[in-house]
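Shown next: data28.tsv, containing TSV, C-alpha atoms.
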```tsv
chain	number	residue	atom	x	y	z
A	145	GLN	CA	47.81	38.19	49.56
A	146	GLY	CA	46.63	35.38	47.32
A	147	CYS	CA	47.52	35.37	43.67
A	148	THR	CA	44.88	36.01	41.06
A	149	PRO	CA	43.81	32.74	39.39
A	150	VAL	CA	44.49	32.38	35.71
A	151	PRO	CA	41.23	32.77	33.77
A	152	SER	CA	40.17	29.39	32.48
A	153	PRO	CA	38.41	29.05	29.13
A	154	ASN	CA	34.71	28.52	29.18
A	155	SER	CA	33.06	25.31	28.05
A	156	GLU	CA	32.64	26.55	24.50
A	157	GLN	CA	36.32	27.45	24.20
A	158	ARG	CA	37.34	24.05	25.56
A	159	ILE	CA	35.06	21.96	23.32
A	160	LEU	CA	35.27	23.77	19.97
A	161	PRO	CA	38.98	23.06	19.31
A	162	ARG	CA	38.44	19.36	19.93
A	163	LEU	CA	35.41	19.34	17.66
A	164	LYS	CA	37.42	20.95	14.90
A	165	LEU	CA	40.13	18.32	15.24
A	166	SER	CA	37.68	15.40	15.19
A	167	THR	CA	35.49	16.71	12.35
A	168	ILE	CA	35.97	14.78	9.11
A	169	PRO	CA	35.06	16.64	5.92
A	170	PRO	CA	32.66	14.84	3.57
A	171	ASN	CA	34.39	12.69	0.97
A	172	TYR	CA	31.76	13.23	-1.72
A	173	ASP	CA	30.33	16.59	-2.77
A	174	PHE	CA	26.98	16.13	-4.50
A	175	LEU	CA	26.74	19.80	-5.43
A	176	LYS	CA	30.06	19.49	-7.24
A	177	LEU	CA	28.74	16.36	-8.95
A	178	ARG	CA	25.68	18.31	-10.13
A	179	GLN	CA	27.86	21.05	-11.56
A	180	ASN	CA	30.09	18.52	-13.33
A	181	LEU	CA	27.05	16.87	-14.90
A	182	ILE	CA	25.94	20.27	-16.18
A	183	ASP	CA	29.37	21.37	-17.44
A	184	ASN	CA	30.29	18.09	-19.15
A	185	SER	CA	27.95	17.76	-22.11
A	186	ASP	CA	29.48	14.57	-23.59
A	187	ASP	CA	27.93	11.23	-22.70
A	188	ALA	CA	31.23	9.53	-21.81
A	189	SER	CA	32.00	11.98	-19.00
A	190	ARG	CA	28.46	11.86	-17.67
A	191	ILE	CA	28.45	8.05	-17.70
A	192	GLY	CA	31.64	8.05	-15.63
A	193	LEU	CA	30.14	10.46	-13.10
A	194	LEU	CA	26.89	8.51	-12.91
A	195	ARG	CA	28.78	5.24	-12.46
A	196	ALA	CA	30.62	6.75	-9.47
A	197	LEU	CA	27.29	7.90	-8.04
A	198	HIS	CA	25.81	4.44	-8.64
A	199	GLU	CA	28.61	2.84	-6.61
A	200	LYS	CA	28.44	5.55	-3.94
A	201	LEU	CA	24.76	4.76	-3.39
A	202	TRP	CA	25.58	1.05	-3.00
A	203	HIS	CA	24.52	0.09	-6.54
A	204	ALA	CA	21.12	1.75	-6.38
A	205	LEU	CA	18.48	0.61	-8.83
A	206	HIS	CA	17.01	2.66	-11.68
A	207	ALA	CA	14.12	4.07	-9.63
A	208	ASP	CA	16.39	5.13	-6.74
A	209	LEU	CA	18.92	6.80	-9.05
A	210	THR	CA	16.15	8.61	-10.93
A	211	ARG	CA	14.63	9.90	-7.69
A	212	PHE	CA	18.04	11.07	-6.44
A	213	LEU	CA	18.89	12.87	-9.69
A	214	GLN	CA	15.49	14.58	-9.72
A	215	ARG	CA	16.17	16.05	-6.31
A	216	LEU	CA	19.69	16.99	-7.38
A	217	GLY	CA	18.49	18.82	-10.49
A	218	VAL	CA	20.52	17.53	-13.43
A	219	PRO	CA	20.01	17.80	-17.22
A	220	ASP	CA	17.40	15.55	-18.82
A	221	ARG	CA	20.03	13.63	-20.78
A	222	CYS	CA	21.38	12.13	-17.53
A	223	TYR	CA	18.17	10.18	-17.00
A	224	ASP	CA	18.64	8.45	-20.36
A	225	LEU	CA	22.13	7.30	-19.32
A	226	ILE	CA	21.01	5.50	-16.14
A	227	ASP	CA	20.18	2.28	-18.01
A	228	ILE	CA	23.63	2.28	-19.64
A	229	VAL	CA	25.33	2.71	-16.27
A	230	ILE	CA	23.39	-0.13	-14.62
A	231	GLN	CA	23.75	-2.50	-17.59
A	232	ASN	CA	27.55	-2.02	-17.65
A	233	CYS	CA	28.02	-2.35	-13.88
A	234	THR	CA	30.23	-5.35	-13.09
A	235	GLU	CA	28.83	-5.96	-9.61
A	236	CYS	CA	25.18	-5.70	-10.69
A	237	ASN	CA	25.73	-8.09	-13.61
A	238	ALA	CA	27.60	-10.56	-11.40
A	239	PHE	CA	24.65	-10.90	-9.00
A	240	LYS	CA	21.79	-10.37	-11.43
A	241	PRO	CA	18.94	-12.79	-10.64
A	242	VAL	CA	17.76	-15.23	-13.27
A	243	PRO	CA	14.45	-14.11	-14.83
A	244	ARG	CA	11.51	-16.22	-13.69
A	245	ARG	CA	8.18	-16.94	-15.24
A	246	PRO	CA	5.40	-14.72	-13.87
A	247	LYS	CA	3.08	-16.30	-11.35
A	248	VAL	CA	-0.41	-15.31	-10.32
A	249	GLY	CA	-1.31	-15.44	-6.64
A	250	ALA	CA	-4.75	-15.05	-5.09
A	251	GLU	CA	-3.99	-14.98	-1.35
A	252	LEU	CA	-3.20	-11.64	0.29
A	253	SER	CA	-3.64	-10.42	3.84
A	254	GLY	CA	-5.63	-7.26	4.32
A	255	HIS	CA	-3.86	-5.71	7.32
A	256	PHE	CA	-0.42	-5.61	8.89
A	257	GLY	CA	-0.04	-8.40	11.43
A	258	ASP	CA	-2.58	-10.77	9.88
A	259	CYS	CA	-0.02	-13.22	8.47
A	260	LEU	CA	3.72	-13.48	9.09
A	261	ILE	CA	5.79	-15.66	6.75
A	262	VAL	CA	9.11	-17.02	8.05
A	263	ASP	CA	11.89	-18.98	6.41
A	264	ILE	CA	15.50	-19.89	7.18
A	265	PHE	CA	18.34	-19.09	4.79
A	266	TYR	CA	22.13	-19.32	4.81
A	267	ILE	CA	24.75	-16.79	3.68
A	268	PHE	CA	28.41	-16.16	4.57
A	269	GLY	CA	28.47	-19.42	6.53
A	270	LEU	CA	25.73	-18.21	8.91
A	271	GLN	CA	22.03	-18.95	9.21
A	272	PHE	CA	19.34	-16.28	9.40
A	273	LEU	CA	15.59	-16.17	9.90
A	274	LEU	CA	13.63	-14.01	7.47
A	275	MET	CA	10.32	-12.62	8.75
A	276	ILE	CA	8.05	-10.83	6.29
A	277	ASP	CA	4.54	-9.49	6.67
A	278	GLU	CA	2.30	-10.68	3.84
A	279	ALA	CA	0.22	-7.48	3.64
A	280	VAL	CA	2.84	-4.71	3.45
A	281	ARG	CA	5.95	-6.80	2.54
A	282	TYR	CA	7.92	-5.37	5.47
A	283	LYS	CA	10.70	-7.82	6.34
A	284	VAL	CA	13.34	-8.38	9.01
A	285	ALA	CA	16.33	-10.74	8.78
A	286	SER	CA	17.83	-11.79	12.09
A	287	PRO	CA	20.72	-14.16	12.96
A	288	LEU	CA	19.60	-17.57	14.17
A	289	ARG	CA	21.79	-19.64	16.47
A	290	ASN	CA	20.02	-22.99	16.20
A	291	LYS	CA	17.09	-24.43	14.26
A	292	ASP	CA	15.21	-25.82	17.25
A	293	GLY	CA	11.81	-24.47	18.26
A	294	ILE	CA	13.02	-22.52	21.30
A	295	SER	CA	15.71	-20.68	19.32
A	296	ILE	CA	13.29	-19.81	16.51
A	297	MET	CA	10.67	-18.52	18.95
A	298	LYS	CA	13.30	-16.47	20.83
A	299	CYS	CA	14.40	-14.95	17.52
A	300	LEU	CA	10.78	-14.06	16.72
A	301	LEU	CA	10.28	-12.52	20.16
A	302	LEU	CA	13.39	-10.33	20.00
A	303	SER	CA	13.15	-9.30	16.34
A	304	TRP	CA	9.40	-9.07	15.65
A	305	PHE	CA	6.97	-9.66	18.52
A	306	ARG	CA	8.40	-7.01	20.86
A	307	TYR	CA	8.06	-4.35	18.16
A	308	PHE	CA	4.91	-5.29	16.25
A	309	GLY	CA	3.22	-7.87	18.47
A	310	PRO	CA	2.42	-11.49	17.61
A	311	PRO	CA	0.69	-12.14	14.27
A	312	LYS	CA	-2.61	-13.91	13.88
A	313	THR	CA	-1.16	-16.52	11.51
A	314	LEU	CA	2.40	-17.79	11.15
A	315	ARG	CA	3.15	-19.39	7.79
A	316	SER	CA	6.24	-21.51	7.22
A	317	ASP	CA	7.51	-24.57	5.41
A	318	GLN	CA	7.94	-27.97	7.04
A	319	GLU	CA	10.75	-26.77	9.32
A	320	GLY	CA	11.45	-29.18	12.18
A	321	GLY	CA	11.79	-26.46	14.81
A	322	ILE	CA	8.47	-24.85	13.88
A	323	ARG	CA	6.72	-28.25	13.88
A	324	SER	CA	8.13	-29.07	17.34
A	325	ASP	CA	6.06	-29.26	20.51
A	326	ASP	CA	7.99	-26.43	22.19
A	327	PHE	CA	7.13	-24.07	19.36
A	328	ALA	CA	3.50	-25.22	19.43
A	329	VAL	CA	3.21	-24.41	23.13
A	330	ALA	CA	4.62	-20.91	22.55
A	331	CYS	CA	2.18	-20.34	19.68
A	332	ASP	CA	-0.72	-21.35	21.91
A	333	ARG	CA	0.34	-18.80	24.52
A	334	PHE	CA	0.30	-16.01	21.90
A	335	SER	CA	-2.84	-17.33	20.13
A	336	ILE	CA	-0.93	-17.82	16.89
A	337	HIS	CA	-2.29	-20.16	14.25
A	338	ARG	CA	0.46	-22.14	12.51
A	339	LEU	CA	0.05	-22.74	8.80
A	340	LEU	CA	2.64	-25.21	7.54
A	341	ALA	CA	3.24	-25.29	3.80
A	342	GLY	CA	3.32	-28.39	1.68
A	343	SER	CA	5.23	-29.19	-1.51
A	344	ASP	CA	4.15	-29.83	-5.07
A	345	ASP	CA	5.26	-32.68	-7.34
A	346	THR	CA	8.56	-30.95	-8.15
A	347	GLY	CA	9.48	-30.52	-4.47
A	348	LYS	CA	8.91	-26.75	-4.39
A	349	HIS	CA	7.04	-25.12	-1.51
A	350	THR	CA	3.51	-24.05	-2.27
A	351	THR	CA	2.88	-21.15	0.13
A	352	THR	CA	6.31	-19.68	1.02
A	353	GLY	CA	7.20	-18.29	-2.40
A	354	LEU	CA	6.99	-14.73	-1.05
A	355	ALA	CA	9.66	-15.42	1.57
A	356	GLU	CA	11.91	-17.21	-0.90
A	357	SER	CA	11.74	-14.33	-3.40
A	358	HIS	CA	12.65	-11.81	-0.70
A	359	ILE	CA	15.47	-14.06	0.48
A	360	ARG	CA	16.93	-13.77	-3.01
A	361	LEU	CA	16.68	-9.97	-2.74
A	362	VAL	CA	18.42	-9.95	0.65
A	363	LYS	CA	21.18	-12.26	-0.56
A	364	THR	CA	21.74	-10.21	-3.72
A	365	SER	CA	22.00	-6.95	-1.73
A	366	ALA	CA	24.35	-8.53	0.83
A	367	LEU	CA	26.63	-10.03	-1.84
A	368	LYS	CA	26.78	-6.73	-3.73
A	369	CYS	CA	27.65	-4.86	-0.54
A	370	GLU	CA	30.30	-7.43	0.43
A	371	HIS	CA	31.85	-7.37	-3.07
A	372	GLN	CA	31.97	-3.57	-3.13
A	373	CYS	CA	33.55	-3.41	0.35
A	374	ARG	CA	36.29	-5.83	-0.64
A	375	LYS	CA	36.83	-3.85	-3.84
A	376	GLN	CA	37.44	-0.74	-1.72
A	377	GLY	CA	39.75	-2.62	0.66
A	378	LEU	CA	37.32	-2.82	3.58
A	379	ASN	CA	37.32	-5.93	5.77
A	380	VAL	CA	33.79	-7.25	6.27
```

The structure given in the file should be rewritten as structure tokens.
Amino acid sequence: QGCTPVPSPNSEQRILPRLKLSTIPPNYDFLKLRQNLIDNSDDASRIGLLRALHEKLWHALHADLTRFLQRLGVPDRCYDLIDIVIQNCTECNAFKPVPRRPKVGAELSGHFGDCLIVDIFYIFGLQFLLMIDEAVRYKVASPLRNKDGISIMKCLLLSWFRYFGPPKTLRSDQEGGIRSDDFAVACDRFSIHRLLAGSDDTGKHTTTGLAESHIRLVKTSALKCEHQCRKQGLNV
């Protein structure tokens, strides 16, 4: 007579113990934060809690913090303390952009895909290509190996064209790779009109100011994130 096999656990009994071992509890309880903001009525305690939330949300701006606190449901006094938290933040003050004089622009595309503005920038010892749509201000930053025309067009194909299609107009500064013959041939295949920007008397570009302003935003966000990671002991 054969022996009776030992009953084996079902799939649920086999998987659940491993899931319990690999589950990591959340390291930040927002409901507890809400209760602490309600219980602590003094401004000093609330400022400390809001500063921790500000860092937890990767140094969110005033509008983002306000929107988050509205959904969390905190006392009205907390909204008045947001400016104090942001003004006293070391990381935000270290990478605060210099105020610029307001400029008035008249050119604006009407639809997504009408005009794509590109520009090259450098950060952390690497070079990137910023692509931004003029109509909706949607942007993508992608690593760029070389500055020749083939590398720039390959970066555009992989990071923009395969998702959104080729634009009608491509606006850029006097970049050598974009002015090259290889890039011109690729633009002809996609029926893209190149619009190369000039420079004024001071040497500043005349039609790529939108890309340059968004490059400053990308650099500021990246530097804040890198500084906060190193502050927490994370290698980036």

| message | Just want the 12 Å neighbourhood of Phe212 in chain A, counted on all atoms listed in the file, with same-chain residues fewer than 3 positions away dropped. Output as an NGL selection string. | response | :A and (174 or 178 or 194 or 197-198 or 201 or 204-209 or 215-218 or 222-223 or 226)

| What is the distance between CA of Ala366 in chain A and CA of Ala279 in chain A, in Å to one decimal? |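 Separation between CA of Ala366 in chain A and CA of Ala279 in chain A: 24.3 Å.
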
| said: Residues near range 316-320 of chain A, anyone? I mean within 6 Å using only C-alpha atoms, not counting same-chain ones fewer than 6 positions away, as a list in words. | reply: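 Using only C-alpha atoms, the neighbours found are Ile261, Val262, Leu340 and Ala341 of chain A.
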
| task | Find the spatial neighbours of Ile182 in chain A, counting only C-alpha atoms, within a cut-off of 12 Å - ignore same-chain residues fewer than 3 positions away - and output them as number ranges by chain. | result | A: 175-179, 185-187, 189-190, 193, 216-222

| query | What separation in Å, quoted to one decimal, exists between CA of Gly377 in chain A and CA of Pro287 in chain A? | reply | 25.4 Å

| message | Using only C-alpha atoms, which protein or nucleic acid residues come within 9 Å of Glu235 in chain A? Drop anything in the same chain fewer than 6 positions from it, and give the result as an MDAnalysis selection string. | response | chainID A and resid 203 368 371:372

| Top pick for closest residue to Phe334 in chain A, considering A:Pro310, A:Gly353, A:Gly269, A:Gly321 and counting all atoms listed in the file | A:Pro310
